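To start, the structure itself, in structure tokens.
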Amino acid sequence: MSALAKLNNGYLDATRSTGNPRDVEYQLFARVTGRLNKGTQPETPFNQLVDALNENLGIWREVALSVADPDNELPAALRAQLFYLYEFTVAQTQKVLRGEAKAAALIEVNMSIMRGLRTNQPGKGPDPCLASS
């Protein structure tokens with residue numbers, strides 16, 4: 001089980017977390033991305049966005065730890081790209097918290113990851129409930 005799949009066990013009940021690791025990782029990113037989307041809505045209290053940003057950072061921390069592991073079997077170039085996205089997420093989150101940026105870039109990064117997790121899986125695309133209002 002991947003690091004993200006292990007992290008997901010704390011978030012989803014057992015009936016939803018069964019499945020292949022890509023599906024579990026997709027569900028984890030979909031859930032936090034939905035929370036980020038909700039947190040950006042004008043009627044949503046700022047603390048809910050802060051909670052979503054914190055959860056998102058936790059997921060990306062797990063990604064960074066996973067790709068830094070010498071036993072990780074992903075290609076080195078992909079591992080480096082994912083680690084860069086972690087660094088970007090940390091920096092962008094700090095900007096959002098300071099009011100210097102919006103969360104849209106973080107949402108787009110997560111959506112790109114979700115699209116990648118659905119690659120070569122016919123009939124599966126981005127979660128329609130994540131569409132921006």
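Residue numbering restarts at 1 for every chain of the structure tokens, chains are lettered A, B, ... in their displayed order, and ligands are numbered from 1 as they appear.
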Among stretch 16-131 of chain A, which residues carry a DSSP assignment of helix (DSSP H, G or I), reported as a PyMOL selection string? chain A and resi 16-17+21-39+46-68+76-97+104-118+128-130
Write out, as a Markdown table, each residue of stretch 27-88 of chain A that has an atom at most 7 Å from stretch 105-120 of chain A, together with the closest pair of atoms and their distance in Å to one decimal, counting only C-alpha atoms, rows going by chain and rising number.
| residue | atom | partner | partner_atom | distance |
| --- | --- | --- | --- | --- |
| A:Phe29 | CA | A:Asn110 | CA | 6.4 |
| A:Thr33 | CA | A:Ile107 | CA | 5.9 |
| A:Leu36 | CA | A:Ile107 | CA | 6.8 |
Go through A:Glu73, A:Asp51, A:Val24, A:Val67 and flag the residue nearest A:Leu85, using only C-alpha atoms for the distances.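 The shortest atom-to-atom distance to A:Leu85 comes from A:Val67.
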Looking at only C-alpha atoms, which of A:Val50, A:Ala101, A:Ala64, A:Val96 is the one that sits closest to A:Leu82? A:Ala64
What is the atom CA of A:Pro70-atom CA of A:Gln92 distance in Å, reported with one decimal?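 Interatomic distance here is 27.0 Å.
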If you count only C-alpha atoms, which residues fall within 10 Å of A:Arg35, apart from same-chain ones fewer than 5 positions away, as a PyMOL selection string? chain A and resi 29-30+40+48-49+51-53+55-56+107+130
Separation of atom CA of A:Glu25 and atom CA of A:Leu74, in Å?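 Those two atoms sit 15.2 Å apart.
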Give me the residues within 12 Å of A:Leu65 as a PyMOL selection string, counting only C-alpha atoms and dropping any in the same chain fewer than 3 places off. chain A and resi 2-4+7+58-62+68-72+79-80+82-83+86-87
File dump, residues just selected, N, CA and C atoms, as a PDB file, in the first residue's frame:
ATOM      1  N   SER A   2       0.584   2.202  -0.832  1.00  0.00           N
ATOM      2  CA  SER A   2       1.394   3.411  -0.916  1.00  0.00           C
ATOM      3  C   SER A   2       1.205   4.284   0.317  1.00  0.00           C
ATOM      4  N   ALA A   3       2.116   5.257   0.468  1.00  0.00           N
ATOM      5  CA  ALA A   3       2.030   6.176   1.614  1.00  0.00           C
ATOM      6  C   ALA A   3       0.712   6.942   1.589  1.00  0.00           C
ATOM      7  N   LEU A   4       0.276   7.354   0.377  1.00  0.00           N
ATOM      8  CA  LEU A   4      -0.989   8.084   0.293  1.00  0.00           C
ATOM      9  C   LEU A   4      -2.163   7.195   0.649  1.00  0.00           C
ATOM     10  N   LEU A   7      -2.218   7.005   4.351  1.00  0.00           N
ATOM     11  CA  LEU A   7      -2.743   8.253   4.906  1.00  0.00           C
ATOM     12  C   LEU A   7      -4.254   8.295   4.743  1.00  0.00           C
ATOM     13  N   GLY A  58      -0.536  18.197   4.362  1.00  0.00           N
ATOM     14  CA  GLY A  58      -0.257  16.866   4.896  1.00  0.00           C
ATOM     15  C   GLY A  58      -0.166  15.817   3.805  1.00  0.00           C
ATOM     16  N   ILE A  59      -1.062  15.907   2.855  1.00  0.00           N
ATOM     17  CA  ILE A  59      -1.039  14.962   1.734  1.00  0.00           C
ATOM     18  C   ILE A  59       0.246  15.142   0.934  1.00  0.00           C
ATOM     19  N   TRP A  60       0.576  16.391   0.631  1.00  0.00           N
ATOM     20  CA  TRP A  60       1.783  16.658  -0.152  1.00  0.00           C
ATOM     21  C   TRP A  60       3.049  16.297   0.616  1.00  0.00           C
ATOM     22  N   ARG A  61       3.033  16.403   1.946  1.00  0.00           N
ATOM     23  CA  ARG A  61       4.175  15.956   2.745  1.00  0.00           C
ATOM     24  C   ARG A  61       4.377  14.447   2.558  1.00  0.00           C
ATOM     25  N   GLU A  62       3.277  13.720   2.558  1.00  0.00           N
ATOM     26  CA  GLU A  62       3.356  12.273   2.341  1.00  0.00           C
ATOM     27  C   GLU A  62       3.884  11.954   0.941  1.00  0.00           C
ATOM     28  N   ALA A  68      10.888  10.632  -2.001  1.00  0.00           N
ATOM     29  CA  ALA A  68      12.265  10.735  -1.517  1.00  0.00           C
ATOM     30  C   ALA A  68      12.812   9.383  -1.062  1.00  0.00           C
ATOM     31  N   ASP A  69      11.932   8.426  -0.891  1.00  0.00           N
ATOM     32  CA  ASP A  69      12.336   7.089  -0.460  1.00  0.00           C
ATOM     33  C   ASP A  69      13.124   6.411  -1.580  1.00  0.00           C
ATOM     34  N   PRO A  70      14.338   5.945  -1.304  1.00  0.00           N
ATOM     35  CA  PRO A  70      15.145   5.302  -2.351  1.00  0.00           C
ATOM     36  C   PRO A  70      14.504   4.038  -2.925  1.00  0.00           C
ATOM     37  N   ASP A  71      13.577   3.440  -2.195  1.00  0.00           N
ATOM     38  CA  ASP A  71      12.901   2.238  -2.683  1.00  0.00           C
ATOM     39  C   ASP A  71      11.691   2.552  -3.565  1.00  0.00           C
ATOM     40  N   ASN A  72      11.369   3.835  -3.727  1.00  0.00           N
ATOM     41  CA  ASN A  72      10.240   4.219  -4.573  1.00  0.00           C
ATOM     42  C   ASN A  72      10.548   3.810  -6.000  1.00  0.00           C
ATOM     43  N   ARG A  79       9.601  11.429  -9.947  1.00  0.00           N
ATOM     44  CA  ARG A  79       9.799  11.668  -8.519  1.00  0.00           C
ATOM     45  C   ARG A  79      10.253  13.099  -8.271  1.00  0.00           C
ATOM     46  N   ALA A  80      11.161  13.587  -9.101  1.00  0.00           N
ATOM     47  CA  ALA A  80      11.652  14.963  -8.956  1.00  0.00           C
ATOM     48  C   ALA A  80      10.534  15.969  -9.203  1.00  0.00           C
ATOM     49  N   LEU A  82       7.298  15.505  -8.772  1.00  0.00           N
ATOM     50  CA  LEU A  82       6.368  15.451  -7.648  1.00  0.00           C
ATOM     51  C   LEU A  82       6.948  16.165  -6.424  1.00  0.00           C
ATOM     52  N   PHE A  83       8.255  16.024  -6.213  1.00  0.00           N
ATOM     53  CA  PHE A  83       8.867  16.735  -5.095  1.00  0.00           C
ATOM     54  C   PHE A  83       8.820  18.235  -5.332  1.00  0.00           C
ATOM     55  N   TYR A  86       5.477  19.467  -4.389  1.00  0.00           N
ATOM     56  CA  TYR A  86       5.385  19.601  -2.935  1.00  0.00           C
ATOM     57  C   TYR A  86       5.952  20.955  -2.500  1.00  0.00           C
ATOM     58  N   GLU A  87       7.141  21.292  -2.997  1.00  0.00           N
ATOM     59  CA  GLU A  87       7.761  22.569  -2.635  1.00  0.00           C
ATOM     60  C   GLU A  87       6.896  23.744  -3.066  1.00  0.00           C
TER      61      GLU A  87
END
Gap from atom CA of A:Leu57 to atom CA of A:Thr89 - Å, one decimal: 7.1 Å
